[in-house]
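What follows is a short report on a single structure.
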Amino acid sequence: MGLGKHLKDPDLTNNGKQGGGNVFTWEEIQRHANKNDQWLVIDRKVYNITNWTKRHPGGIRVISHYAGEDATEAFTAFHPDPTFVRKFLKPLLVGELAASEPCHDHDKSENIVQDFRNLRDHAEKEGLFQAKPLFFCLHLGHILLLEVLALLLLWTCETNWTSTLLCCVILATSQSQAGWLQHDFAHLSVFKKSRWNHLLQKFTIGHLKGASACWWNHRHFQHHAKPNVIRKDPDINMLHMFVLGDTQPVEYGIKKLKYLPYNHQHKYFFLVGPPLLIPVFFHIQILKTMFSHRLWEDIAWWITFQIRYFLCYVPFFGFLGSVLLLSVVRFLESHWFVWVTQMSHIPKDIEYDNHQDWLTMQLNSTCNIEQSFFNDWFSGHLNFQVEHHLFPTMPRHNFHRIAPMVRALCKKHGLSYEVKTLGQGFADVVRSLKKSGCLWLDAYLHK
């Protein structure tokens, strides 16, 4: 996996050769943080990732977001088998941090970083990264059962408004739960072998849902790497339809940007956000990504979904009726997805990159929803959003076990660990949008 001829760089010694004999300061490393020149640090080793980014399995952007920084915690969080991955890093090695340099950049707290590392080590010893196959088999089984129930309903009942609407609800439930399951596979949290996770994710998101695994992964991993960070987290890129947090609204206001009446965004959110995200915005993005990047494998899986769906439902509704049925299902699923995913993020800090340590960054951008059987099922255990962001490869059925330890660590270091009711989480999304809209209006009129 060599990079070919290495470009000469004034920061390299030993005649510009790659290897571990060179030493660098953080100031030198931080100069390599642009599109055409990217270095990062993992466990004090310095790597030139400039040419590797395009071949990075997780996508070019997620690794580029750490250019010029210490990426040790992110590297550990994303890779369940770091030893295997390190062999791909060897050709990229250009040196290491000077002995006089701290392990972490931007004045990150060494105590917090070390305590969090100790917590992760403890979780590994306790087997909290080991999945229970029965849990995920049952979850997949109940998704397939819902798909069968929807068809049985139409076979045994007349095709009327009642049976059709009930069918839509069942299919929306199946689609939503399949979304949480493909999310598990995407994070490599089910099987020890990555290839099985990849295969099952493609089956779940491609064949069961009719979407693209590559599109999802390249988007979602950025969100995990830099959650709620402006220009780095695609989940807060609202295409000028909304302004979020405290910083962006003021910037828009000062620049007199008024694409929409943002002071009313908490009202039109109900018309634009939950109803349209999946059936319109995501649908367009998925098709554009698959065909523009020639993702033939994802396209093949997508085609199997289309064949299966229309073979099942055209006999009942005809072609146009089946298209309408799927649109209603996507409409319902979109509401489910938006409220679950946004209640833990939109009300939290949304700022430019402050280069915080992993624990602090995730806590400032996420919060939890109270645990209950329904909340666990309804959200795909994303009511444990804090734990999921701290340990993205941990199987979700173990979040409740690590949660008390995370809470204790937060208390030790004076970090906020926020838990809300489900209703409060929903309400805070609207309150946050209203607050941001007011900040925009004030800046637009007076600054």
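Chain labels A, B, ... are given in the sequence in which chains occur in the structure tokens; within each chain residues are numbered consecutively from 1, and ligands are likewise numbered from 1 in the order shown.
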
A:Lys192 surroundings by only C-alpha atoms, 9 Å radius, close-in-sequence under 5 positions cut, as a list in words: Pro80, Asp81, Gln130, Ala131 and Asn197 of chain A

Just the selected residues (C-alpha atoms), exported as a PDB file, in the first residue's frame, please.
```
ATOM      1  CA  PRO A  80     -12.117  -2.456  16.516  1.00  0.00           C
ATOM      2  CA  ASP A  81      -8.811  -4.062  15.484  1.00  0.00           C
ATOM      3  CA  GLN A 130     -18.422  -8.410  22.568  1.00  0.00           C
ATOM      4  CA  ALA A 131     -21.717  -8.712  20.707  1.00  0.00           C
ATOM      5  CA  ASN A 197     -20.423  -6.414   9.106  1.00  0.00           C
TER       6      ASN A 197
END
```

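Neighbours of A:Phe426 closer than or equal to 10 Å, with only C-alpha atoms counted and sequence neighbours fewer than 5 positions away skipped, come out as Trp339, Val340, Gln342, Met343, Ser344, Pro347, Lys420, Thr421 and Arg431 of chain A.
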
Among the residues A:Ser416, A:Leu359, A:Cys367, A:Trp301, the one that comes closest to A:Asp115 [using only C-alpha atoms]: A:Leu359

Under the rule of at most 12 Å, produce a per-residue listing of stretch 198-253 of chain A near stretch 318-336 of chain A: chain, number, name, the closest pair of atoms, and the distance in Å, as a tab-separated table, using only C-alpha atoms.
```
residue	atom	partner	partner_atom	distance
A:Lys209	CA	A:Arg330	CA	10.0
A:Gly210	CA	A:Leu326	CA	11.0
A:Ala211	CA	A:Arg330	CA	11.9
```

DSSP helix (DSSP H, G or I) residues within stretch 133-357 of chain A, listed as an NGL selection string: :A and (133-156 or 161-186 or 194-208 or 213-225 or 234-236 or 247-254 or 262-292 or 296-342)

Test item: residues at most 6 Å from stretch 179-186 of chain A, only C-alpha atoms, excluding those fewer than 4 positions along its chain, as a ChimeraX atom specification: /A:197,201,204-205,380

Show me, as a PDB file with all heavy atoms, in the first residue's frame, the residues that have an atom within 12 Å of A:Leu271 when counting only C-alpha atoms, minus same-chain residues fewer than 4 positions from it.
```
ATOM      1  N   MET A 241     -31.359  26.263   5.033  1.00  0.00           N
ATOM      2  CA  MET A 241     -32.771  26.175   5.391  1.00  0.00           C
ATOM      3  C   MET A 241     -32.994  26.480   6.864  1.00  0.00           C
ATOM      4  O   MET A 241     -34.066  26.967   7.248  1.00  0.00           O
ATOM      5  CB  MET A 241     -33.313  24.783   5.061  1.00  0.00           C
ATOM      6  CG  MET A 241     -33.217  24.432   3.589  1.00  0.00           C
ATOM      7  SD  MET A 241     -34.009  22.869   3.180  1.00  0.00           S
ATOM      8  CE  MET A 241     -35.718  23.292   3.419  1.00  0.00           C
ATOM      9  N   HIS A 264     -38.739  32.272  12.099  1.00  0.00           N
ATOM     10  CA  HIS A 264     -39.911  31.393  12.102  1.00  0.00           C
ATOM     11  C   HIS A 264     -39.525  29.939  11.827  1.00  0.00           C
ATOM     12  O   HIS A 264     -40.397  29.110  11.539  1.00  0.00           O
ATOM     13  CB  HIS A 264     -40.920  31.851  11.049  1.00  0.00           C
ATOM     14  CG  HIS A 264     -41.516  33.199  11.315  1.00  0.00           C
ATOM     15  ND1 HIS A 264     -42.342  33.456  12.378  1.00  0.00           N
ATOM     16  CD2 HIS A 264     -41.363  34.386  10.650  1.00  0.00           C
ATOM     17  CE1 HIS A 264     -42.712  34.724  12.373  1.00  0.00           C
ATOM     18  NE2 HIS A 264     -42.117  35.319  11.342  1.00  0.00           N
ATOM     19  N   GLN A 265     -38.233  29.619  11.922  1.00  0.00           N
ATOM     20  CA  GLN A 265     -37.794  28.276  11.542  1.00  0.00           C
ATOM     21  C   GLN A 265     -38.354  27.192  12.450  1.00  0.00           C
ATOM     22  O   GLN A 265     -38.527  26.045  12.010  1.00  0.00           O
ATOM     23  CB  GLN A 265     -36.270  28.198  11.508  1.00  0.00           C
ATOM     24  CG  GLN A 265     -35.572  28.372  12.831  1.00  0.00           C
ATOM     25  CD  GLN A 265     -34.052  28.247  12.706  1.00  0.00           C
ATOM     26  OE1 GLN A 265     -33.494  28.124  11.630  1.00  0.00           O
ATOM     27  NE2 GLN A 265     -33.374  28.271  13.845  1.00  0.00           N
ATOM     28  N   HIS A 266     -38.665  27.544  13.695  1.00  0.00           N
ATOM     29  CA  HIS A 266     -39.239  26.546  14.607  1.00  0.00           C
ATOM     30  C   HIS A 266     -40.669  26.185  14.199  1.00  0.00           C
ATOM     31  O   HIS A 266     -41.218  25.180  14.676  1.00  0.00           O
ATOM     32  CB  HIS A 266     -39.220  27.060  16.045  1.00  0.00           C
ATOM     33  CG  HIS A 266     -40.004  28.321  16.267  1.00  0.00           C
ATOM     34  ND1 HIS A 266     -39.613  29.525  15.734  1.00  0.00           N
ATOM     35  CD2 HIS A 266     -41.168  28.552  16.950  1.00  0.00           C
ATOM     36  CE1 HIS A 266     -40.476  30.468  16.098  1.00  0.00           C
ATOM     37  NE2 HIS A 266     -41.431  29.900  16.809  1.00  0.00           N
ATOM     38  N   LYS A 267     -41.255  26.982  13.320  1.00  0.00           N
ATOM     39  CA  LYS A 267     -42.595  26.683  12.801  1.00  0.00           C
ATOM     40  C   LYS A 267     -42.515  25.908  11.496  1.00  0.00           C
ATOM     41  O   LYS A 267     -43.155  24.858  11.354  1.00  0.00           O
ATOM     42  CB  LYS A 267     -43.377  27.980  12.603  1.00  0.00           C
ATOM     43  CG  LYS A 267     -43.551  28.822  13.867  1.00  0.00           C
ATOM     44  CD  LYS A 267     -44.189  30.168  13.559  1.00  0.00           C
ATOM     45  CE  LYS A 267     -44.255  31.037  14.797  1.00  0.00           C
ATOM     46  NZ  LYS A 267     -44.788  32.397  14.495  1.00  0.00           N
ATOM     47  N   PRO A 275     -40.911  15.854   7.532  1.00  0.00           N
ATOM     48  CA  PRO A 275     -41.601  15.236   6.386  1.00  0.00           C
ATOM     49  C   PRO A 275     -40.727  14.972   5.169  1.00  0.00           C
ATOM     50  O   PRO A 275     -40.978  14.034   4.419  1.00  0.00           O
ATOM     51  CB  PRO A 275     -42.698  16.273   6.034  1.00  0.00           C
ATOM     52  CG  PRO A 275     -42.765  17.203   7.181  1.00  0.00           C
ATOM     53  CD  PRO A 275     -41.406  17.221   7.799  1.00  0.00           C
ATOM     54  N   LEU A 276     -39.686  15.789   4.953  1.00  0.00           N
ATOM     55  CA  LEU A 276     -38.987  15.761   3.676  1.00  0.00           C
ATOM     56  C   LEU A 276     -37.571  15.198   3.713  1.00  0.00           C
ATOM     57  O   LEU A 276     -36.992  14.948   2.655  1.00  0.00           O
ATOM     58  CB  LEU A 276     -38.929  17.180   3.078  1.00  0.00           C
ATOM     59  CG  LEU A 276     -40.272  17.871   2.828  1.00  0.00           C
ATOM     60  CD1 LEU A 276     -40.044  19.237   2.194  1.00  0.00           C
ATOM     61  CD2 LEU A 276     -41.174  17.015   1.948  1.00  0.00           C
ATOM     62  N   LEU A 277     -36.984  15.015   4.879  1.00  0.00           N
ATOM     63  CA  LEU A 277     -35.577  14.628   4.928  1.00  0.00           C
ATOM     64  C   LEU A 277     -35.301  13.339   4.163  1.00  0.00           C
ATOM     65  O   LEU A 277     -34.439  13.296   3.278  1.00  0.00           O
ATOM     66  CB  LEU A 277     -35.100  14.475   6.384  1.00  0.00           C
ATOM     67  CG  LEU A 277     -33.616  14.118   6.521  1.00  0.00           C
ATOM     68  CD1 LEU A 277     -32.737  15.243   6.003  1.00  0.00           C
ATOM     69  CD2 LEU A 277     -33.254  13.769   7.956  1.00  0.00           C
ATOM     70  N   PHE A 331     -42.372   8.973   4.213  1.00  0.00           N
ATOM     71  CA  PHE A 331     -42.846  10.146   4.958  1.00  0.00           C
ATOM     72  C   PHE A 331     -42.938   9.841   6.449  1.00  0.00           C
ATOM     73  O   PHE A 331     -42.463  10.615   7.292  1.00  0.00           O
ATOM     74  CB  PHE A 331     -44.206  10.561   4.392  1.00  0.00           C
ATOM     75  CG  PHE A 331     -44.909  11.640   5.172  1.00  0.00           C
ATOM     76  CD1 PHE A 331     -44.600  12.977   4.974  1.00  0.00           C
ATOM     77  CD2 PHE A 331     -45.898  11.313   6.096  1.00  0.00           C
ATOM     78  CE1 PHE A 331     -45.261  13.973   5.686  1.00  0.00           C
ATOM     79  CE2 PHE A 331     -46.561  12.298   6.808  1.00  0.00           C
ATOM     80  CZ  PHE A 331     -46.243  13.630   6.601  1.00  0.00           C
ATOM     81  N   SER A 334     -39.441   9.127   7.921  1.00  0.00           N
ATOM     82  CA  SER A 334     -38.642  10.341   8.034  1.00  0.00           C
ATOM     83  C   SER A 334     -38.924  11.072   9.339  1.00  0.00           C
ATOM     84  O   SER A 334     -38.007  11.574  10.001  1.00  0.00           O
ATOM     85  CB  SER A 334     -38.940  11.263   6.840  1.00  0.00           C
ATOM     86  OG  SER A 334     -38.057  12.364   6.825  1.00  0.00           O
ATOM     87  N   HIS A 335     -40.186  11.134   9.736  1.00  0.00           N
ATOM     88  CA  HIS A 335     -40.521  11.737  11.031  1.00  0.00           C
ATOM     89  C   HIS A 335     -39.820  10.986  12.168  1.00  0.00           C
ATOM     90  O   HIS A 335     -39.242  11.600  13.074  1.00  0.00           O
ATOM     91  CB  HIS A 335     -42.036  11.706  11.251  1.00  0.00           C
ATOM     92  CG  HIS A 335     -42.781  12.774  10.518  1.00  0.00           C
ATOM     93  ND1 HIS A 335     -43.071  12.687   9.173  1.00  0.00           N
ATOM     94  CD2 HIS A 335     -43.285  13.968  10.942  1.00  0.00           C
ATOM     95  CE1 HIS A 335     -43.741  13.776   8.803  1.00  0.00           C
ATOM     96  NE2 HIS A 335     -43.879  14.563   9.849  1.00  0.00           N
TER      97      HIS A 335
END
```

Residue contacts of A:Gly58 (9 Å, only C-alpha atoms) excluding same-chain residues fewer than 3 positions away, as a PyMOL selection string: chain A and resi 55+61-63+214+217-218+221-222

A:Gln114 environment, 12 Å, only C-alpha atoms, sequence neighbours closer than 4 positions dropped, as a PyMOL selection string: chain A and resi 72-73+103-104+108-110+118-121+357-359+409+413

Residue set, stretch 54-239 of chain A restricted to strand (DSSP E), as a PyMOL selection string: chain A and resi 93-97

Shortest interatomic distance to A:Leu260 - which of A:Thr50, A:Gly437, A:Leu97, A:Phe135, counting only C-alpha atoms: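 Ranking A:Thr50, A:Gly437, A:Leu97, A:Phe135 by distance to A:Leu260, first place goes to A:Gly437.
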
Could you list, with a cut-off of 12 Å and counting only C-alpha atoms, the residues of stretch 242-343 of chain A near stretch 144-156 of chain A, each shown with its nearest atom pair and the distance in Å rounded to one decimal, rows sorted by chain and ascending number, as a Markdown table?
```
| residue | atom | partner | partner_atom | distance |
| --- | --- | --- | --- | --- |
| A:Arg308 | CA | A:Glu147 | CA | 11.3 |
| A:Tyr309 | CA | A:Glu147 | CA | 10.3 |
| A:Leu311 | CA | A:Leu151 | CA | 11.3 |
| A:Cys312 | CA | A:Leu151 | CA | 7.5 |
| A:Tyr313 | CA | A:Leu151 | CA | 8.1 |
| A:Val314 | CA | A:Leu151 | CA | 11.6 |
| A:Pro315 | CA | A:Leu154 | CA | 10.2 |
| A:Phe316 | CA | A:Leu154 | CA | 7.5 |
| A:Phe317 | CA | A:Leu154 | CA | 10.1 |
| A:Leu325 | CA | A:Ala150 | CA | 12.0 |
| A:Val329 | CA | A:Ala150 | CA | 11.8 |
```

Write out the residues from the selection above, keeping N, CA and C atoms, as a PDB file, in the first residue's frame.
```
ATOM      1  N   ARG A 308     -37.903  -6.443  -5.417  1.00  0.00           N
ATOM      2  CA  ARG A 308     -38.673  -7.107  -4.361  1.00  0.00           C
ATOM      3  C   ARG A 308     -39.909  -6.308  -3.992  1.00  0.00           C
ATOM      4  N   TYR A 309     -39.742  -5.013  -3.818  1.00  0.00           N
ATOM      5  CA  TYR A 309     -40.867  -4.184  -3.376  1.00  0.00           C
ATOM      6  C   TYR A 309     -41.992  -4.182  -4.407  1.00  0.00           C
ATOM      7  N   LEU A 311     -42.584  -6.239  -6.924  1.00  0.00           N
ATOM      8  CA  LEU A 311     -43.183  -7.562  -7.114  1.00  0.00           C
ATOM      9  C   LEU A 311     -44.214  -7.857  -6.028  1.00  0.00           C
ATOM     10  N   CYS A 312     -43.935  -7.375  -4.815  1.00  0.00           N
ATOM     11  CA  CYS A 312     -44.839  -7.641  -3.689  1.00  0.00           C
ATOM     12  C   CYS A 312     -46.090  -6.767  -3.717  1.00  0.00           C
ATOM     13  N   TYR A 313     -45.972  -5.505  -4.130  1.00  0.00           N
ATOM     14  CA  TYR A 313     -47.075  -4.567  -3.924  1.00  0.00           C
ATOM     15  C   TYR A 313     -47.810  -4.132  -5.191  1.00  0.00           C
ATOM     16  N   VAL A 314     -47.203  -4.302  -6.361  1.00  0.00           N
ATOM     17  CA  VAL A 314     -47.926  -3.970  -7.591  1.00  0.00           C
ATOM     18  C   VAL A 314     -49.213  -4.784  -7.737  1.00  0.00           C
ATOM     19  N   PRO A 315     -49.249  -6.101  -7.376  1.00  0.00           N
ATOM     20  CA  PRO A 315     -50.505  -6.854  -7.488  1.00  0.00           C
ATOM     21  C   PRO A 315     -51.658  -6.251  -6.672  1.00  0.00           C
ATOM     22  N   PHE A 316     -51.343  -5.507  -5.623  1.00  0.00           N
ATOM     23  CA  PHE A 316     -52.389  -4.921  -4.784  1.00  0.00           C
ATOM     24  C   PHE A 316     -52.739  -3.497  -5.195  1.00  0.00           C
ATOM     25  N   PHE A 317     -51.726  -2.718  -5.574  1.00  0.00           N
ATOM     26  CA  PHE A 317     -51.953  -1.279  -5.779  1.00  0.00           C
ATOM     27  C   PHE A 317     -51.640  -0.798  -7.200  1.00  0.00           C
ATOM     28  N   LEU A 325     -47.595   4.370  -2.129  1.00  0.00           N
ATOM     29  CA  LEU A 325     -47.474   3.662  -0.855  1.00  0.00           C
ATOM     30  C   LEU A 325     -46.072   3.836  -0.278  1.00  0.00           C
ATOM     31  N   VAL A 329     -44.759   5.636   3.251  1.00  0.00           N
ATOM     32  CA  VAL A 329     -43.884   4.932   4.194  1.00  0.00           C
ATOM     33  C   VAL A 329     -42.656   5.772   4.499  1.00  0.00           C
TER      34      VAL A 329
END
```

Option closest in space to A:Phe203, from A:Val406, A:Cys438, A:Val190, A:Leu140 [counting only C-alpha atoms]: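 Looking only at the distances to A:Phe203, the closest residue turns out to be A:Leu140.
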